[in-house]
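Q: Got a structure for you, questions after.
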Amino acid sequence: MHIKTDQKLECALYVVATPIGNLSDITFRALDVLNAADTVAAEDTRNTKYLLQHHGINDARLLALHQHNERGAAEKIVALLGQGLSVALVTDAGTPAVSDPGAILVEAVRAAGFRVIPIPGASAVVTALSASGLSAPHFLFYGFLPNKSSARCSALQTLVEHPYTLVFYEAPHRILDCAKDLLAVFGGEREIVFAREITKLFESIHRCKLIEALDWLNSDPNNLRGEFVVLVSAATPNEGLDVATEKTLSLLLEELPLKQAVQLAVKITGGNKNELYERALALKQQ
């Protein structure tokens, strides 16, 4: 059993990770900070009050900080720090400033010369990744994709060649449209993982090929509910030149002699001269 401490905190902004679902997923250090902070800046003060009271913290001074008032709230928090007080920042779930409010505040606090202290904890990205079984050594966290299909497809197109596991957040009312666009852009053979309601009562983590994703989502209304972390397997490395380098070389060959086109392509793309020269010869023959 953890016994809360009332030790005075250093004057600083404490960026505190809170549970993403299960209220027990909070660290002892986070509870100590939330108990001792002079002010707790919260995305939704009602949600944070419930969390604090669940853990026996009943007298915290709460201040609202969300996406619509962050700059104004940041000024107030900088003023509190100027008085030598301590402020803890939390969002509704997970780690602040990661696809959640907080980055503007952190920047303002740093610019004012005050210390920012991270208090690590739950993260939906890492939690979903750890249970996905996708084995690429690197991952790229994109966050929320654009709402409209055309903009979403354009964003996805820039990610097609990346040799990393791709991680997105998605809302339940957009998950079907998102899956359709992922299939259209990435094709049916890439693996997809739907991590839904992570750490909550109805948690589910489903992995399948993209060609099977829509059938799974539509097979049960419950599969469309809750907040999603969506993971897509890494692109298989291509043999030869990547798409962008190939296109650059082709365009240069239309306007320049082979040798000059290769030299310029090396400067533009940073590609290997011998590989570019061999490919240029093949393109010329075609």
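Quick note on naming: the chains in the structure tokens go A, B, ... in the order shown, residues restart at 1 in each chain, and ligands are numbered from 1 in order of appearance.
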Considering only alpha helix (DSSP H) as DSSP defines it on the backbone, what residues of region 169-273 of chain A qualify? List them as number ranges by chain.

A: A: 175-186, 210-218, 243-255, 258-269, 273

Q: Hey, what does DSSP flag as strand (DSSP E or B) within region 42-260 of chain A? Can you give it to me as number ranges by chain?

A: A: 42, 62-64, 87-90, 94, 116-119, 139-144, 165-170, 191-196, 204-209, 228-232

Q: For Leu253 (chain A), list every protein, DNA or RNA residue within 8 Å, evaluated using only C-alpha atoms, and leave out those in the same chain fewer than 4 positions away; present the list as JSON, numbers by chain.

A: {"A": [249, 257, 258, 261, 280, 284]}

Q: Export, as an mmCIF file, in the first residue's frame, the selected residues with C-alpha atoms.

A:
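Dumped everything to result33.cif:
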data_model
loop_
_atom_site.group_PDB
_atom_site.id
_atom_site.type_symbol
_atom_site.label_atom_id
_atom_site.label_comp_id
_atom_site.auth_asym_id
_atom_site.auth_seq_id
_atom_site.Cartn_x
_atom_site.Cartn_y
_atom_site.Cartn_z
ATOM 1 C CA LEU A 249 16.021 10.019 -62.063
ATOM 2 C CA PRO A 257 22.244 13.353 -71.000
ATOM 3 C CA LEU A 258 22.654 10.198 -68.954
ATOM 4 C CA ALA A 261 21.250 13.132 -65.035
ATOM 5 C CA ALA A 280 19.648 5.038 -65.676
ATOM 6 C CA LYS A 284 17.401 4.496 -71.352
#

Q: Go through A:Ala171, A:Ala234, A:Leu224, A:Val106 and flag the residue nearest Ile77 (chain A), using only C-alpha atoms for the distances.

A: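 Looking only at the distances to Ile77 (chain A), the closest residue turns out to be A:Val106.
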
Q: Could you work out how far CA of Pro19 (chain A) lies from CA of Glu203 (chain A), giving the answer in Å with one decimal?

A: 14.2 Å

Q: Neighbouring residues of region 55-59 of chain A were defined as those with any atom within 9 Å, considering only C-alpha atoms; residues of the same chain fewer than 6 positions away were excluded. Please report them as a list in words.

A: Leu23, Ser24, Leu31, Leu34, Asn35 and Lys49 of chain A

Q: Could the residues in this selection be written to a file with N, CA and C atoms, as a PDB file, in the first residue's frame?

A:
ATOM      1  N   LEU A  23      -8.037   2.782 -13.678  1.00  0.00           N
ATOM      2  CA  LEU A  23      -7.571   3.811 -12.742  1.00  0.00           C
ATOM      3  C   LEU A  23      -6.401   3.356 -11.880  1.00  0.00           C
ATOM      4  N   SER A  24      -6.131   2.070 -11.865  1.00  0.00           N
ATOM      5  CA  SER A  24      -4.989   1.570 -11.094  1.00  0.00           C
ATOM      6  C   SER A  24      -3.661   1.782 -11.821  1.00  0.00           C
ATOM      7  N   LEU A  31       1.035  10.007  -8.037  1.00  0.00           N
ATOM      8  CA  LEU A  31       0.110  10.301  -6.935  1.00  0.00           C
ATOM      9  C   LEU A  31       0.734  11.274  -5.945  1.00  0.00           C
ATOM     10  N   LEU A  34       0.603  14.754  -7.607  1.00  0.00           N
ATOM     11  CA  LEU A  34      -0.757  15.291  -7.657  1.00  0.00           C
ATOM     12  C   LEU A  34      -1.264  15.677  -6.272  1.00  0.00           C
ATOM     13  N   ASN A  35      -0.833  14.954  -5.256  1.00  0.00           N
ATOM     14  CA  ASN A  35      -1.229  15.262  -3.890  1.00  0.00           C
ATOM     15  C   ASN A  35      -0.549  16.523  -3.366  1.00  0.00           C
ATOM     16  N   LYS A  49     -11.023  15.342 -11.240  1.00  0.00           N
ATOM     17  CA  LYS A  49     -11.523  15.297  -9.863  1.00  0.00           C
ATOM     18  C   LYS A  49     -11.922  13.872  -9.485  1.00  0.00           C
TER      19      LYS A  49
END

Q: Find the residues near Thr39 (chain A): any atom within 9 Å, counting only C-alpha atoms, skip ones fewer than 2 places away on the same chain, and give them as a PDB file with N, CA and C atoms, in the first residue's frame.

A:
ATOM      1  N   LEU A  34       0.603  14.754  -7.607  1.00  0.00           N
ATOM      2  CA  LEU A  34      -0.757  15.291  -7.657  1.00  0.00           C
ATOM      3  C   LEU A  34      -1.264  15.677  -6.272  1.00  0.00           C
ATOM      4  N   ALA A  36       0.692  16.760  -3.795  1.00  0.00           N
ATOM      5  CA  ALA A  36       1.473  17.849  -3.217  1.00  0.00           C
ATOM      6  C   ALA A  36       1.468  19.131  -4.052  1.00  0.00           C
ATOM      7  N   ALA A  37       1.066  19.052  -5.322  1.00  0.00           N
ATOM      8  CA  ALA A  37       1.114  20.232  -6.193  1.00  0.00           C
ATOM      9  C   ALA A  37       0.192  21.325  -5.680  1.00  0.00           C
ATOM     10  N   ALA A  41      -3.426  21.463 -13.276  1.00  0.00           N
ATOM     11  CA  ALA A  41      -4.030  21.922 -14.529  1.00  0.00           C
ATOM     12  C   ALA A  41      -4.567  20.703 -15.260  1.00  0.00           C
ATOM     13  N   ALA A  60      -7.419  19.051  -3.951  1.00  0.00           N
ATOM     14  CA  ALA A  60      -6.561  19.644  -4.980  1.00  0.00           C
ATOM     15  C   ALA A  60      -7.219  20.889  -5.554  1.00  0.00           C
ATOM     16  N   ARG A  61      -6.376  21.888  -5.849  1.00  0.00           N
ATOM     17  CA  ARG A  61      -6.857  23.093  -6.523  1.00  0.00           C
ATOM     18  C   ARG A  61      -6.741  22.855  -8.024  1.00  0.00           C
ATOM     19  N   LEU A  62      -7.895  22.861  -8.736  1.00  0.00           N
ATOM     20  CA  LEU A  62      -7.929  22.523 -10.155  1.00  0.00           C
ATOM     21  C   LEU A  62      -8.052  23.771 -11.013  1.00  0.00           C
ATOM     22  N   LEU A  63      -7.382  23.729 -12.158  1.00  0.00           N
ATOM     23  CA  LEU A  63      -7.428  24.809 -13.142  1.00  0.00           C
ATOM     24  C   LEU A  63      -7.616  24.165 -14.510  1.00  0.00           C
ATOM     25  N   ILE A  77      -0.533  29.952 -15.561  1.00  0.00           N
ATOM     26  CA  ILE A  77       0.368  28.982 -14.933  1.00  0.00           C
ATOM     27  C   ILE A  77       1.771  29.552 -14.806  1.00  0.00           C
ATOM     28  N   LEU A  80       1.747  31.656 -11.833  1.00  0.00           N
ATOM     29  CA  LEU A  80       1.808  30.873 -10.598  1.00  0.00           C
ATOM     30  C   LEU A  80       3.239  30.423 -10.306  1.00  0.00           C
ATOM     31  N   LEU A  85       5.218  28.697  -6.925  1.00  0.00           N
ATOM     32  CA  LEU A  85       4.308  27.580  -6.709  1.00  0.00           C
ATOM     33  C   LEU A  85       4.614  26.426  -7.672  1.00  0.00           C
ATOM     34  N   SER A  86       4.042  25.275  -7.403  1.00  0.00           N
ATOM     35  CA  SER A  86       4.206  24.091  -8.257  1.00  0.00           C
ATOM     36  C   SER A  86       2.889  23.801  -8.963  1.00  0.00           C
ATOM     37  N   VAL A  87       2.986  23.351 -10.221  1.00  0.00           N
ATOM     38  CA  VAL A  87       1.797  23.050 -11.022  1.00  0.00           C
ATOM     39  C   VAL A  87       1.973  21.680 -11.661  1.00  0.00           C
ATOM     40  N   ALA A  88       0.953  20.839 -11.530  1.00  0.00           N
ATOM     41  CA  ALA A  88       0.930  19.534 -12.198  1.00  0.00           C
ATOM     42  C   ALA A  88      -0.018  19.609 -13.384  1.00  0.00           C
ATOM     43  N   LEU A  89       0.432  19.130 -14.537  1.00  0.00           N
ATOM     44  CA  LEU A  89      -0.390  19.113 -15.743  1.00  0.00           C
ATOM     45  C   LEU A  89      -0.851  17.689 -16.029  1.00  0.00           C
TER      46      LEU A  89
END

Q: Using only C-alpha atoms, which of A:Arg279, A:His173, A:Arg196, A:His162 sits nearest Thr127 (chain A)?

A: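 Counting only C-alpha atoms, the residue closest to Thr127 (chain A) is A:Arg196.
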
Q: Excluding same-chain residues fewer than 6 positions from region 210-223 of chain A, what lies within 6 Å of it counting only C-alpha atoms, as a ChimeraX atom specification?

A: /A:183,188,190-192

Q: Name the residues in contact with Phe114 (chain A) at a cut-off of 9 Å, using only C-alpha atoms, excluding same-chain residues fewer than 5 positions from it; report them as a list of chain:residue names.

A: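 My list of contacting residues is A:Cys11, A:Ala12, A:Leu13, A:Val78, A:Leu81, A:Gly82, A:Val109.
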
Q: Could you turn the residues from that selection into a file that holds C-alpha atoms, as an mmCIF file, in the first residue's frame?

A:
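File written: result_7.cif
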data_model
loop_
_atom_site.group_PDB
_atom_site.id
_atom_site.type_symbol
_atom_site.label_atom_id
_atom_site.label_comp_id
_atom_site.auth_asym_id
_atom_site.auth_seq_id
_atom_site.Cartn_x
_atom_site.Cartn_y
_atom_site.Cartn_z
ATOM 1 C CA CYS A 11 8.614 25.178 -8.106
ATOM 2 C CA ALA A 12 8.167 23.612 -11.561
ATOM 3 C CA LEU A 13 5.661 22.337 -14.092
ATOM 4 C CA VAL A 78 3.539 30.926 -15.730
ATOM 5 C CA LEU A 81 5.320 29.573 -11.174
ATOM 6 C CA GLY A 82 6.541 33.135 -10.832
ATOM 7 C CA VAL A 109 7.017 27.540 -19.225
#

Q: What does the structure give for the distance between CA of Glu107 (chain A) and CA of Thr95 (chain A), in Å to one decimal?

A: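 Between CA of Glu107 (chain A) and CA of Thr95 (chain A) the gap works out to 15.9 Å.
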
Q: Have a look at CA of Leu9 (chain A) and CA of Val126 (chain A) and let me know their distance in Å, one decimal.

A: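 We find that CA of Leu9 (chain A) and CA of Val126 (chain A) lie 28.9 Å from each other.
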
Q: Which is closest to Pro101 (chain A) among A:Leu129, A:Leu182, A:Ile26, A:Val15, if we use only C-alpha atoms?

A: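 Going through A:Leu129, A:Leu182, A:Ile26, A:Val15 one by one, the smallest distance to Pro101 (chain A) is for A:Val15.
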